[in-house]
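Asker: Just entry_18.tsv, nothing more (TSV, C-alpha atoms and all ligand atoms):
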```
chain	number	residue	atom	x	y	z
A	86	MET	CA	26.23	74.40	227.90
A	87	ASN	CA	23.63	71.93	229.05
A	88	GLU	CA	22.96	72.41	232.76
A	89	GLN	CA	21.84	68.90	233.54
A	90	GLY	CA	20.05	67.86	236.69
A	91	LYS	CA	19.61	71.31	238.23
A	92	GLY	CA	15.94	70.78	239.05
A	93	LEU	CA	16.70	68.19	241.67
A	94	TYR	CA	19.32	70.21	243.52
A	95	PRO	CA	18.75	73.45	245.43
A	96	ARG	CA	19.62	76.71	243.70
A	97	ALA	CA	19.58	79.86	245.73
A	98	GLY	CA	16.38	81.83	245.50
A	99	ARG	CA	12.65	81.68	244.95
A	100	LYS	CA	10.46	79.96	242.41
A	101	ALA	CA	10.73	82.03	239.21
A	102	LEU	CA	7.38	80.71	237.95
A	103	MET	CA	5.56	81.80	241.11
A	104	ASP	CA	7.22	85.23	240.95
A	105	VAL	CA	5.84	85.82	237.45
A	106	LEU	CA	2.37	84.45	238.31
A	107	GLU	CA	2.21	86.61	241.44
A	108	GLY	CA	3.44	89.77	239.75
A	109	ARG	CA	7.02	89.96	241.09
A	110	VAL	CA	10.21	90.28	239.06
A	111	PRO	CA	11.76	86.78	238.76
A	112	SER	CA	15.46	85.95	239.06
A	113	ARG	CA	15.22	84.47	235.57
A	114	ARG	CA	12.56	83.81	232.92
A	115	PRO	CA	10.69	80.65	233.95
A	116	ILE	CA	10.59	77.81	231.43
A	117	TRP	CA	8.50	74.64	231.33
A	118	LEU	CA	6.95	72.76	228.41
A	119	MET	CA	3.53	71.26	227.95
A	120	ARG	CA	4.00	67.46	227.65
A	121	GLN	CA	7.57	67.80	228.94
A	122	ALA	CA	7.25	64.24	230.24
A	123	GLY	CA	6.36	61.77	227.53
A	124	ARG	CA	7.20	59.66	224.55
A	125	TYR	CA	10.09	61.76	223.18
A	126	LEU	CA	12.15	60.65	226.21
A	127	PRO	CA	13.54	57.09	226.04
A	128	GLU	CA	13.43	56.88	229.85
A	129	TYR	CA	9.67	57.58	229.68
A	130	MET	CA	9.18	54.72	227.21
A	131	ALA	CA	11.06	52.42	229.59
A	132	MET	CA	8.81	53.38	232.52
A	133	ARG	CA	5.72	53.12	230.36
A	134	SER	CA	6.45	49.51	229.44
A	135	LYS	CA	7.28	48.70	233.06
A	136	ALA	CA	3.92	50.13	234.23
A	137	GLY	CA	1.77	48.24	231.73
A	138	SER	CA	-1.00	50.59	230.72
A	139	PHE	CA	-0.99	54.40	230.63
A	140	LEU	CA	-3.63	54.48	233.39
A	141	ASP	CA	-1.53	52.14	235.56
A	142	LEU	CA	1.35	54.60	235.15
A	143	CYS	CA	-0.88	57.52	236.19
A	144	TYR	CA	-2.20	55.63	239.24
A	145	THR	CA	1.17	54.32	240.54
A	146	PRO	CA	2.60	57.31	242.44
A	147	GLU	CA	6.21	56.07	242.57
A	148	LEU	CA	6.29	55.63	238.78
A	149	ALA	CA	4.24	58.75	238.00
A	150	ALA	CA	6.52	60.83	240.24
A	151	GLU	CA	9.60	59.43	238.53
A	152	VAL	CA	8.17	60.22	235.07
A	153	THR	CA	7.27	63.74	236.27
A	154	LEU	CA	10.89	64.30	237.35
A	155	GLN	CA	12.56	62.80	234.25
A	156	PRO	CA	12.60	66.04	232.22
A	157	LEU	CA	13.89	67.94	235.29
A	158	ARG	CA	16.89	65.60	235.46
A	159	ARG	CA	17.79	66.41	231.86
A	160	PHE	CA	16.90	70.09	231.49
A	161	ASP	CA	17.20	73.25	233.57
A	162	LEU	CA	13.44	73.83	233.88
A	163	ASP	CA	11.49	75.90	236.43
A	164	ALA	CA	8.46	73.69	236.94
A	165	ALA	CA	7.32	70.09	237.08
A	166	ILE	CA	3.78	69.29	235.93
A	167	VAL	CA	2.31	66.32	237.72
A	168	PHE	CA	2.10	63.30	235.42
A	169	ALA	CA	-1.59	62.53	234.94
A	170	ASP	CA	-4.25	63.17	232.28
A	171	ILE	CA	-7.31	65.40	231.85
A	172	LEU	CA	-9.43	62.25	231.40
A	173	LEU	CA	-8.73	61.01	234.94
A	174	VAL	CA	-11.57	63.24	236.21
A	175	PRO	CA	-14.30	61.53	234.15
A	176	HIS	CA	-12.66	58.18	234.96
A	177	ALA	CA	-12.94	59.00	238.68
A	178	LEU	CA	-16.63	59.83	238.07
A	179	GLY	CA	-17.20	56.26	236.87
A	180	VAL	CA	-16.80	56.69	233.09
A	181	ARG	CA	-14.88	53.89	231.31
A	182	VAL	CA	-11.65	55.34	229.84
A	183	THR	CA	-8.85	53.38	228.15
A	184	PHE	CA	-5.79	54.47	226.19
A	185	GLN	CA	-5.06	52.37	223.13
A	186	ALA	CA	-1.52	52.52	221.72
A	187	GLY	CA	-1.51	54.64	218.58
A	188	GLU	CA	-5.23	55.42	218.87
A	189	GLY	CA	-5.50	57.81	221.78
A	190	PRO	CA	-8.19	57.66	224.42
A	191	VAL	CA	-11.36	55.58	224.10
A	192	VAL	CA	-14.11	56.97	226.35
A	193	GLU	CA	-17.56	55.61	227.18
A	194	LYS	CA	-19.99	58.03	225.51
A	195	VAL	CA	-21.92	60.49	227.66
A	196	ALA	CA	-24.17	62.47	225.33
A	197	ASP	CA	-27.72	62.50	226.69
A	198	ALA	CA	-29.61	63.58	229.79
A	199	TYR	CA	-29.78	60.04	231.22
A	200	ARG	CA	-26.01	59.37	231.01
A	201	VAL	CA	-25.19	62.86	232.28
A	202	ALA	CA	-27.43	62.36	235.34
A	203	GLN	CA	-25.50	59.17	236.20
A	204	LEU	CA	-22.19	60.95	236.61
A	205	THR	CA	-23.07	64.38	237.96
A	206	GLY	CA	-23.36	64.98	241.68
A	207	ARG	CA	-21.04	62.05	242.47
A	208	PRO	CA	-17.88	62.57	244.49
A	209	LEU	CA	-14.61	61.65	242.77
A	210	GLY	CA	-13.54	58.03	243.24
A	211	ARG	CA	-10.56	57.01	245.35
A	212	GLU	CA	-8.27	56.75	242.30
A	213	VAL	CA	-7.54	60.49	242.49
A	214	GLU	CA	-5.74	59.89	245.80
A	215	ALA	CA	-2.94	58.36	243.73
A	216	VAL	CA	-2.51	61.66	241.85
A	217	TYR	CA	-2.39	63.60	245.14
A	218	GLU	CA	0.26	61.16	246.37
A	219	THR	CA	2.27	61.75	243.16
A	220	VAL	CA	2.17	65.50	243.88
A	221	ARG	CA	3.44	64.84	247.44
A	222	GLN	CA	6.30	62.66	246.21
A	223	VAL	CA	7.31	65.11	243.48
A	224	ARG	CA	7.30	68.02	245.95
A	225	GLY	CA	9.41	65.99	248.36
A	226	GLN	CA	12.08	65.26	245.73
A	227	LEU	CA	12.22	68.60	243.95
A	228	ALA	CA	14.46	71.58	244.68
A	229	PRO	CA	12.54	74.29	246.58
A	230	ASP	CA	12.92	76.81	243.75
A	231	VAL	CA	11.17	74.58	241.21
A	232	ALA	CA	7.37	74.93	241.13
A	233	VAL	CA	4.93	72.03	241.04
A	234	ILE	CA	2.00	72.56	238.65
A	235	GLY	CA	-1.28	70.70	239.19
A	236	PHE	CA	-3.79	70.56	236.36
A	237	CYS	CA	-7.17	69.55	235.03
A	238	GLY	CA	-8.98	69.78	231.72
A	239	ALA	CA	-11.50	72.58	231.29
A	240	PRO	CA	-15.12	71.40	231.31
A	241	TRP	CA	-15.68	72.11	227.59
A	242	THR	CA	-12.61	70.14	226.47
A	243	VAL	CA	-13.35	67.20	228.80
A	244	ALA	CA	-16.99	67.25	227.65
A	245	THR	CA	-15.91	66.93	223.99
A	246	TYR	CA	-14.11	63.63	224.79
A	247	LEU	CA	-17.18	62.35	226.67
A	248	ILE	CA	-19.61	63.35	223.92
A	249	GLU	CA	-17.46	62.02	221.06
A	250	GLY	CA	-16.27	58.88	222.87
A	251	GLY	CA	-12.61	59.92	222.50
A	252	SER	CA	-10.56	62.06	220.14
A	253	SER	CA	-12.37	63.37	217.08
A	254	ALA	CA	-11.16	65.47	214.17
A	255	GLU	CA	-13.97	68.03	214.32
A	256	ARG	CA	-15.90	67.40	217.56
A	257	LEU	CA	-19.10	67.93	215.58
A	258	THR	CA	-21.51	66.18	217.96
A	259	ALA	CA	-20.25	68.28	220.87
A	260	ARG	CA	-20.37	71.51	218.88
A	261	VAL	CA	-23.88	70.80	217.58
A	262	ALA	CA	-25.02	70.17	221.18
A	263	ALA	CA	-23.54	73.56	222.14
A	264	PHE	CA	-25.19	75.39	219.23
A	265	ARG	CA	-28.53	73.74	220.10
A	266	GLY	CA	-28.09	74.82	223.71
A	267	GLU	CA	-28.91	71.29	224.99
A	268	SER	CA	-29.73	71.52	228.68
A	269	TRP	CA	-27.90	68.24	229.42
A	270	LEU	CA	-24.71	69.92	228.18
A	271	ASP	CA	-25.09	72.65	230.85
A	272	THR	CA	-25.65	69.91	233.45
A	273	LEU	CA	-22.56	68.03	232.25
A	274	ILE	CA	-20.44	71.21	232.36
A	275	ASP	CA	-21.74	71.99	235.88
A	276	GLY	CA	-20.83	68.48	237.05
A	277	LEU	CA	-17.33	68.84	235.60
A	278	VAL	CA	-16.93	72.26	237.28
A	279	SER	CA	-17.63	70.72	240.72
A	280	ALA	CA	-15.42	67.69	240.07
A	281	SER	CA	-12.57	69.91	238.81
A	282	ILE	CA	-12.71	72.11	241.92
A	283	GLU	CA	-12.43	69.05	244.14
A	284	TYR	CA	-9.61	67.58	242.03
A	285	LEU	CA	-7.54	70.80	241.85
A	286	ALA	CA	-8.07	71.48	245.58
A	287	GLY	CA	-6.75	67.96	246.29
A	288	GLN	CA	-3.61	68.65	244.24
A	289	VAL	CA	-3.05	72.01	245.96
A	290	ALA	CA	-3.51	70.45	249.41
A	291	ALA	CA	-0.88	67.86	248.40
A	292	GLY	CA	1.65	70.57	247.49
A	293	ALA	CA	0.94	71.97	244.01
A	294	ASP	CA	2.04	75.64	243.90
A	295	CYS	CA	-0.28	76.64	241.06
A	296	VAL	CA	-2.57	74.96	238.54
A	297	GLN	CA	-3.13	74.99	234.80
A	298	ILE	CA	-6.56	74.50	233.24
A	299	PHE	CA	-6.28	72.98	229.73
A	300	ASP	CA	-9.03	74.08	227.36
A	301	SER	CA	-7.48	72.59	224.23
A	302	TRP	CA	-10.68	72.94	222.20
A	303	ALA	CA	-11.75	76.43	223.36
A	304	GLY	CA	-11.33	77.62	219.75
A	305	ASP	CA	-14.30	75.44	218.72
A	306	LEU	CA	-16.97	77.86	219.86
A	307	PRO	CA	-18.08	81.30	218.65
A	308	ASP	CA	-18.29	84.31	220.93
A	309	GLY	CA	-21.56	83.86	222.86
A	310	LEU	CA	-21.18	80.11	223.30
A	311	ARG	CA	-17.60	80.58	224.40
A	312	GLN	CA	-18.81	82.69	227.34
A	313	ARG	CA	-21.29	80.05	228.39
A	314	PHE	CA	-19.25	76.85	227.89
A	315	CYS	CA	-15.61	77.98	228.30
A	316	PHE	CA	-15.21	81.28	230.17
A	317	ALA	CA	-17.97	81.04	232.79
A	318	PRO	CA	-17.11	77.43	233.83
A	319	ILE	CA	-13.41	78.29	234.20
A	320	ARG	CA	-14.32	81.37	236.26
A	321	ARG	CA	-16.47	79.15	238.53
A	322	ILE	CA	-13.63	76.66	238.96
A	323	MET	CA	-11.36	79.54	239.99
A	324	GLU	CA	-13.93	80.86	242.50
A	325	GLY	CA	-14.44	77.38	243.95
A	326	LEU	CA	-10.70	76.81	244.22
A	327	ARG	CA	-10.21	80.16	245.93
A	328	ALA	CA	-13.00	79.34	248.43
A	329	ARG	CA	-11.31	76.00	249.23
A	330	CYS	CA	-7.62	76.91	249.09
A	331	GLY	CA	-7.20	80.71	249.10
A	332	ALA	CA	-5.27	82.52	246.38
A	333	VAL	CA	-3.75	79.85	244.12
A	334	PRO	CA	-2.42	81.22	240.81
A	335	VAL	CA	-4.17	79.78	237.75
A	336	ILE	CA	-2.75	79.47	234.22
A	337	GLY	CA	-5.55	79.30	231.67
A	338	PHE	CA	-4.63	77.60	228.39
A	339	ALA	CA	-7.62	78.22	226.15
A	340	ARG	CA	-6.16	77.12	222.84
A	341	GLY	CA	-7.25	78.71	219.59
A	342	LEU	CA	-8.85	81.90	220.90
A	343	GLY	CA	-6.67	84.32	218.93
A	344	ALA	CA	-7.79	87.88	219.68
A	345	ALA	CA	-10.44	86.53	222.10
A	346	HIS	CA	-7.66	85.83	224.66
A	347	GLY	CA	-8.30	89.39	225.85
A	348	GLY	CA	-11.93	88.58	226.64
A	349	PHE	CA	-10.83	85.30	228.23
A	350	VAL	CA	-8.50	87.05	230.69
A	351	GLU	CA	-11.15	89.62	231.50
A	352	ALA	CA	-13.94	87.05	232.00
A	353	THR	CA	-11.92	84.56	234.07
A	354	GLY	CA	-9.29	86.64	235.90
A	355	VAL	CA	-6.55	84.03	235.25
A	356	GLN	CA	-3.09	85.03	236.45
A	357	ALA	CA	-1.49	83.80	233.22
A	358	CYS	CA	-2.86	83.26	229.75
A	359	GLY	CA	-1.47	80.41	227.64
A	360	LEU	CA	-1.02	81.35	223.96
A	361	GLU	CA	-1.18	79.02	220.97
A	362	SER	CA	1.54	79.49	218.36
A	363	GLY	CA	-0.57	81.62	216.01
A	364	VAL	CA	-0.96	84.56	218.44
A	365	PRO	CA	1.11	87.61	217.32
A	366	LEU	CA	3.43	88.59	220.16
A	367	ASP	CA	3.41	92.35	219.59
A	368	TRP	CA	-0.37	92.19	220.14
A	369	ALA	CA	0.02	89.99	223.22
A	370	ALA	CA	2.66	92.33	224.68
A	371	ARG	CA	0.45	95.37	224.13
A	372	VAL	CA	-2.99	93.98	225.08
A	373	LEU	CA	-2.43	91.06	227.46
A	374	THR	CA	0.70	91.67	229.53
A	375	PRO	CA	-0.76	94.77	231.25
A	376	VAL	CA	-3.52	92.54	232.69
A	377	ALA	CA	-1.96	89.05	232.98
A	378	ALA	CA	1.26	87.15	232.51
A	379	VAL	CA	1.47	85.26	229.22
A	380	GLN	CA	2.75	81.75	228.57
A	381	GLY	CA	3.93	80.29	225.28
A	382	ASN	CA	4.13	80.18	222.40
A	383	LEU	CA	6.90	78.38	220.46
A	384	ASP	CA	5.48	76.17	217.74
A	385	PRO	CA	6.07	72.49	218.72
A	386	VAL	CA	7.00	71.89	215.07
A	387	SER	CA	9.85	74.42	215.38
A	388	LEU	CA	11.10	72.34	218.32
A	389	LEU	CA	10.73	69.22	216.20
A	390	ALA	CA	12.67	70.88	213.35
A	391	GLY	CA	15.46	72.00	215.72
A	392	GLY	CA	18.69	73.74	214.68
A	393	ARG	CA	19.13	77.36	213.61
A	394	GLY	CA	15.42	77.87	212.90
A	395	LEU	CA	14.58	76.85	216.45
A	396	GLU	CA	17.16	79.24	217.90
A	397	HIS	CA	15.79	82.04	215.75
A	398	ASP	CA	12.21	81.40	216.91
A	399	VAL	CA	13.24	81.27	220.57
A	400	VAL	CA	15.13	84.58	220.26
A	401	ARG	CA	12.11	86.18	218.57
A	402	ILE	CA	9.78	85.14	221.41
A	403	VAL	CA	12.15	86.06	224.23
A	404	THR	CA	12.80	89.53	222.80
A	405	ALA	CA	9.09	90.20	222.11
A	406	LEU	CA	7.76	89.53	225.62
A	407	PRO	CA	8.70	91.26	228.88
A	408	PHE	CA	10.87	89.11	231.12
A	409	GLU	CA	8.76	89.71	234.24
A	410	ARG	CA	5.44	88.88	232.52
A	411	HIS	CA	6.41	85.83	230.45
A	412	VAL	CA	6.56	82.08	231.09
A	413	PHE	CA	8.45	80.42	228.25
A	414	ASN	CA	6.55	77.43	226.86
A	415	LEU	CA	5.27	75.94	223.62
A	416	GLY	CA	1.99	76.78	221.88
A	417	HIS	CA	0.92	73.14	222.43
A	418	GLY	CA	2.54	69.90	223.64
A	419	VAL	CA	5.97	68.46	222.75
A	420	ARG	CA	5.61	66.09	219.77
A	421	PRO	CA	6.65	62.47	220.43
A	422	GLN	CA	9.23	62.53	217.57
A	423	THR	CA	11.15	65.47	219.13
A	424	ASP	CA	14.90	65.06	219.73
A	425	PRO	CA	15.63	65.70	223.44
A	426	ARG	CA	18.74	67.64	222.37
A	427	ALA	CA	16.47	70.24	220.77
A	428	VAL	CA	14.86	70.82	224.19
A	429	ALA	CA	18.33	71.41	225.67
A	430	LEU	CA	19.04	73.89	222.85
A	431	LEU	CA	15.74	75.69	223.57
A	432	VAL	CA	16.56	76.09	227.27
A	433	ASP	CA	20.14	77.19	226.61
A	434	THR	CA	18.97	79.76	224.05
A	435	VAL	CA	16.43	81.35	226.42
A	436	ARG	CA	19.08	81.56	229.17
A	437	ARG	CA	21.70	83.00	226.78
A	438	VAL	CA	19.41	85.71	225.38
A	439	ASP	CA	18.21	86.75	228.85
A	440	GLY	CA	21.79	86.68	230.15
A	441	ASN	CA	22.68	89.35	227.59
A	442	ARG	CA	19.83	91.62	228.55
B	1	LIG	O1	4.10	66.33	230.91
B	1	LIG	C1	2.92	66.69	230.90
B	1	LIG	O2	2.55	67.63	230.18
B	1	LIG	C2	1.96	66.09	231.92
B	1	LIG	C3	1.11	65.05	231.50
B	1	LIG	C4	-0.08	65.27	230.58
B	1	LIG	C5	-0.57	64.22	229.79
B	1	LIG	N1	-1.73	64.64	229.19
B	1	LIG	C6	0.05	62.89	229.65
B	1	LIG	C7	-0.29	62.05	228.49
B	1	LIG	C8	-0.93	66.36	230.40
B	1	LIG	C9	-0.83	67.76	230.97
B	1	LIG	C10	-1.98	65.95	229.52
B	1	LIG	C11	-3.11	66.82	229.13
B	1	LIG	C12	-4.08	66.34	228.12
B	1	LIG	N2	-4.53	65.05	227.93
B	1	LIG	C13	-4.76	67.18	227.21
B	1	LIG	C14	-4.65	68.69	227.16
B	1	LIG	C15	-3.45	69.15	226.43
B	1	LIG	C16	-3.47	68.85	224.96
B	1	LIG	O3	-2.62	68.05	224.53
B	1	LIG	O4	-4.30	69.43	224.25
B	1	LIG	C17	-5.60	66.37	226.44
B	1	LIG	C18	-6.52	66.85	225.33
B	1	LIG	C19	-5.45	65.03	226.89
B	1	LIG	C20	-6.18	63.81	226.41
B	1	LIG	C21	-5.26	62.83	225.84
B	1	LIG	N3	-4.37	62.05	226.57
B	1	LIG	C22	-5.10	62.47	224.48
B	1	LIG	C23	-5.88	63.09	223.32
B	1	LIG	C24	-4.13	61.48	224.40
B	1	LIG	C25	-3.68	60.73	223.18
B	1	LIG	C26	-2.78	61.53	222.32
B	1	LIG	C27	-1.35	61.34	222.74
B	1	LIG	O5	-0.62	62.33	222.81
B	1	LIG	O6	-0.99	60.19	222.96
B	1	LIG	C28	-3.64	61.27	225.73
B	1	LIG	C29	-2.58	60.32	226.14
B	1	LIG	C30	-1.44	60.88	226.94
B	1	LIG	N4	-1.53	61.79	227.95
B	1	LIG	C31	-0.06	60.51	226.80
B	1	LIG	C32	0.65	61.24	227.77
B	1	LIG	C33	2.13	61.16	228.04
B	1	LIG	C34	0.48	59.46	225.84
B	1	LIG	C35	0.21	58.12	226.44
B	1	LIG	C36	1.23	57.09	226.05
B	1	LIG	O7	2.31	57.02	226.68
B	1	LIG	O8	0.95	56.33	225.14
```
Using the file provided, produce a representation of the structure as structure tokens.
Answerer:
Amino acid sequence: MNEQGKGLYPRAGRKALMDVLEGRVPSRRPIWLMRQAGRYLPEYMAMRSKAGSFLDLCYTPELAAEVTLQPLRRFDLDAAIVFADILLVPHALGVRVTFQAGEGPVVEKVADAYRVAQLTGRPLGREVEAVYETVRQVRGQLAPDVAVIGFCGAPWTVATYLIEGGSSAERLTARVAAFRGESWLDTLIDGLVSASIEYLAGQVAAGADCVQIFDSWAGDLPDGLRQRFCFAPIRRIMEGLRARCGAVPVIGFARGLGAAHGGFVEATGVQACGLESGVPLDWAARVLTPVAAVQGNLDPVSLLAGGRGLEHDVVRIVTALPFERHVFNLGHGVRPQTDPRAVALLVDTVRRVDGNR
């Protein structure tokens, strides 16, 4: 059974996602998917062409709110993630950012002390107000038991796009700068920490219930450098956010850490730890769930493949992780070629397995 449109209509009860993040037993296992709004949905493609560019879509609250809600109209999900991008923060600091069809983001390079000095210490530009307005509109239209997730990129991941000038297969320039311990890299990370605190606090003030910090390239760095460029900056964002907004639950998605997720949770104090698809769940259940909730970790390619294999993988994940400590999600974002019917099958399978508990 596909329970269409539930997210927009009140169901009795509390927000299951917030229950798990705050350590209570939820009424059901919360589900949301990274990149749940996007190119695999034909209604997204329609909005995207109406908006013109990707940035225009992000900065037009009526359209961004509609795109945020599109997956909630189709699937029985527990959270909406505000439609925006991690590169809006550097853009609001005055860095030129464009999104070319088929090419990904093109970013003005910031990879020396002079360029870093130009963007640090500046307040965010007015464009971010559009994102806060999107959060307000989404909150206003959503059922009260569906959570709104705000987000930003982690400083390391955002820095890699600035240093490389966009996406890059290996992020070698950024990694070499980290290994050399370039002082401008510390300054850049510090600037991104301050900007991220301001940006997340703005989303929370507008109605976000919790936030996710995306560190997609956390796996790039070895142990010592990881502390300095990934863990410590995320911890400082959390402290800054707490000072501005009080206790707001944070989901940390530091992709590619493997067994170092334990150290990540310890160093940052995140309420939930996002897991990439390679993390063994018996290990996560034993080591991580006593100290944090976990989120993940279905392989997006399993969702793309669909069918019996997908059902099998969903059952495996749901039975491996405790209901009150798990947020069902993927190990990374939904692939654009995914059939929306596979997402419906995923949601129905989680609900069916938990219903038989
Ligand atoms: O539904 C959601 O998850 C919310 C929206 C969201 C987007 N980007 C929209 C988007 C979120 C949470 C992000 C995060 C993001 N953006 C990350 C971290 C997560 C990850 O995927 O690792 C990163 C690294 C980016 C930077 C970025 N934005 C890249 C590398 C690209 C190009 C690759 C791609 O998928 O197209 C983008 C563009 C982007 N961001 C799109 C969307 C829907 C596609 C734009 C389009 O419609 O053409």
Asker: Got a sec: who's within 7 Å of Tyr144 of chain A, counting all atoms listed in the file, leaving out chain neighbours fewer than 5 positions off, as a ChimeraX atom specification?
Answerer: /A:212,215-216
Asker: Please measure the separation of atom CA of Leu102 of chain A and atom CA of Pro115 of chain A, giving the value in Å to one decimal.
Answerer: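 Taking atom CA of Leu102 of chain A as the start and atom CA of Pro115 of chain A as the end point, the length is 5.2 Å.
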Asker: Please, which residues are within 9 Å of (-7.1, 70.4, 219.7) by the file's coordinates, counting only C-alpha atoms, and could they come as a compact mmCIF listing (two decimals) with C-alpha atoms, in the frame of the given file?
Answerer:
```
# COMPACT_ATOMS: atom_id res chain seq x y z
CA THR A 242 -12.61 70.14 226.47
CA ALA A 254 -11.16 65.47 214.17
CA ASP A 300 -9.03 74.08 227.36
CA SER A 301 -7.48 72.59 224.23
CA TRP A 302 -10.68 72.94 222.20
CA ALA A 303 -11.75 76.43 223.36
CA GLY A 304 -11.33 77.62 219.75
CA ASP A 305 -14.30 75.44 218.72
CA ARG A 340 -6.16 77.12 222.84
CA GLY A 341 -7.25 78.71 219.59
CA HIS A 417 0.92 73.14 222.43
```
Asker: Atom CA of Val233 of chain A and atom CA of Ile166 of chain A, how far apart in Å?
Answerer: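 Computing it gives 5.9 Å between the two atoms.
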Asker: Identify, counting all atoms listed in the file, the protein, DNA and RNA residues located within 8 Å of ligand LIG 1 (chain B), and give them as a VMD selection string.
Answerer: chain A and resid 118 to 124 129 to 130 133 139 153 165 to 172 184 to 190 236 to 238 242 to 243 251 to 252 299 to 302 417 to 418 420 to 421
Asker: With the cut-off set at 12 Å and counting all atoms listed in the file, tabulate each residue of segment 177-201 of chain A with an atom at most that distance from an atom of segment 258-262 of chain A, showing the nearest atom pair and its distance in Å to one decimal, ordered by chain and increasing number, as a Markdown table.
Answerer:
```
| residue | atom | partner | partner_atom | distance |
| --- | --- | --- | --- | --- |
| A:Lys194 | CA | A:Thr258 | CA | 11.2 |
| A:Val195 | CA | A:Ala259 | CA | 10.5 |
| A:Ala196 | CA | A:Ala259 | CA | 8.3 |
| A:Asp197 | CA | A:Ala262 | CA | 9.8 |
| A:Ala198 | CA | A:Ala262 | CA | 11.8 |
```
Asker: Of the candidates A:Gly359, A:Thr423, A:Pro365, A:Thr374, which one gets nearest to Ala390 of chain A if we count only C-alpha atoms?
Answerer: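 Checking each of A:Gly359, A:Thr423, A:Pro365, A:Thr374 against Ala390 of chain A, counting only C-alpha atoms, the winner is A:Thr423.
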Asker: When distances are computed from all atoms listed in the file, which of A:Thr353, A:Gln155, A:Thr205, A:Asn382 shows the smallest separation from Ser279 of chain A?
Answerer: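 Checking each of A:Thr353, A:Gln155, A:Thr205, A:Asn382 against Ser279 of chain A, counting all atoms listed in the file, the winner is A:Thr205.
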Asker: Would you mind reading off the distance between atom CA of Leu204 of chain A and atom CA of Trp269 of chain A, one decimal, in Å?
Answerer: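 It comes out at 11.7 Å.
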Asker: For segment 121-131 of chain A, where the input has fewer atoms than it should, I would like N, CA, C and O atoms rebuilt and written as a PDB file, in the frame of the given file.
Answerer:
```
ATOM      1  N   GLN A 121       6.110  67.932 228.785  1.00  0.00           N
ATOM      2  CA  GLN A 121       7.570  67.800 228.940  1.00  0.00           C
ATOM      3  C   GLN A 121       7.964  66.388 229.345  1.00  0.00           C
ATOM      4  O   GLN A 121       9.104  65.972 229.133  1.00  0.00           O
ATOM      5  N   ALA A 122       7.028  65.664 229.976  1.00  0.00           N
ATOM      6  CA  ALA A 122       7.250  64.240 230.240  1.00  0.00           C
ATOM      7  C   ALA A 122       6.499  63.488 229.153  1.00  0.00           C
ATOM      8  O   ALA A 122       5.368  63.824 228.846  1.00  0.00           O
ATOM      9  N   GLY A 123       7.110  62.491 228.558  1.00  0.00           N
ATOM     10  CA  GLY A 123       6.360  61.770 227.530  1.00  0.00           C
ATOM     11  C   GLY A 123       7.236  61.027 226.552  1.00  0.00           C
ATOM     12  O   GLY A 123       8.436  60.836 226.789  1.00  0.00           O
ATOM     13  N   ARG A 124       6.613  60.671 225.437  1.00  0.00           N
ATOM     14  CA  ARG A 124       7.200  59.660 224.550  1.00  0.00           C
ATOM     15  C   ARG A 124       8.482  60.072 223.850  1.00  0.00           C
ATOM     16  O   ARG A 124       9.171  59.230 223.300  1.00  0.00           O
ATOM     17  N   TYR A 125       8.830  61.380 223.828  1.00  0.00           N
ATOM     18  CA  TYR A 125      10.090  61.760 223.180  1.00  0.00           C
ATOM     19  C   TYR A 125      11.295  61.405 224.049  1.00  0.00           C
ATOM     20  O   TYR A 125      12.426  61.453 223.598  1.00  0.00           O
ATOM     21  N   LEU A 126      11.052  61.031 225.309  1.00  0.00           N
ATOM     22  CA  LEU A 126      12.150  60.650 226.210  1.00  0.00           C
ATOM     23  C   LEU A 126      12.253  59.120 226.304  1.00  0.00           C
ATOM     24  O   LEU A 126      11.291  58.462 226.724  1.00  0.00           O
ATOM     25  N   PRO A 127      13.407  58.556 225.962  1.00  0.00           N
ATOM     26  CA  PRO A 127      13.540  57.090 226.040  1.00  0.00           C
ATOM     27  C   PRO A 127      13.293  56.563 227.457  1.00  0.00           C
ATOM     28  O   PRO A 127      12.729  55.484 227.631  1.00  0.00           O
ATOM     29  N   GLU A 128      13.656  57.341 228.471  1.00  0.00           N
ATOM     30  CA  GLU A 128      13.430  56.880 229.850  1.00  0.00           C
ATOM     31  C   GLU A 128      11.940  56.830 230.193  1.00  0.00           C
ATOM     32  O   GLU A 128      11.510  56.049 231.041  1.00  0.00           O
ATOM     33  N   TYR A 129      11.126  57.675 229.508  1.00  0.00           N
ATOM     34  CA  TYR A 129       9.670  57.580 229.680  1.00  0.00           C
ATOM     35  C   TYR A 129       9.169  56.260 229.084  1.00  0.00           C
ATOM     36  O   TYR A 129       8.400  55.539 229.713  1.00  0.00           O
ATOM     37  N   MET A 130       9.634  55.945 227.875  1.00  0.00           N
ATOM     38  CA  MET A 130       9.180  54.720 227.210  1.00  0.00           C
ATOM     39  C   MET A 130       9.521  53.495 228.064  1.00  0.00           C
ATOM     40  O   MET A 130       8.727  52.558 228.146  1.00  0.00           O
ATOM     41  N   ALA A 131      10.661  53.535 228.725  1.00  0.00           N
ATOM     42  CA  ALA A 131      11.060  52.420 229.590  1.00  0.00           C
ATOM     43  C   ALA A 131      10.090  52.270 230.764  1.00  0.00           C
ATOM     44  O   ALA A 131       9.627  51.174 231.076  1.00  0.00           O
TER      45      ALA A 131
END
```
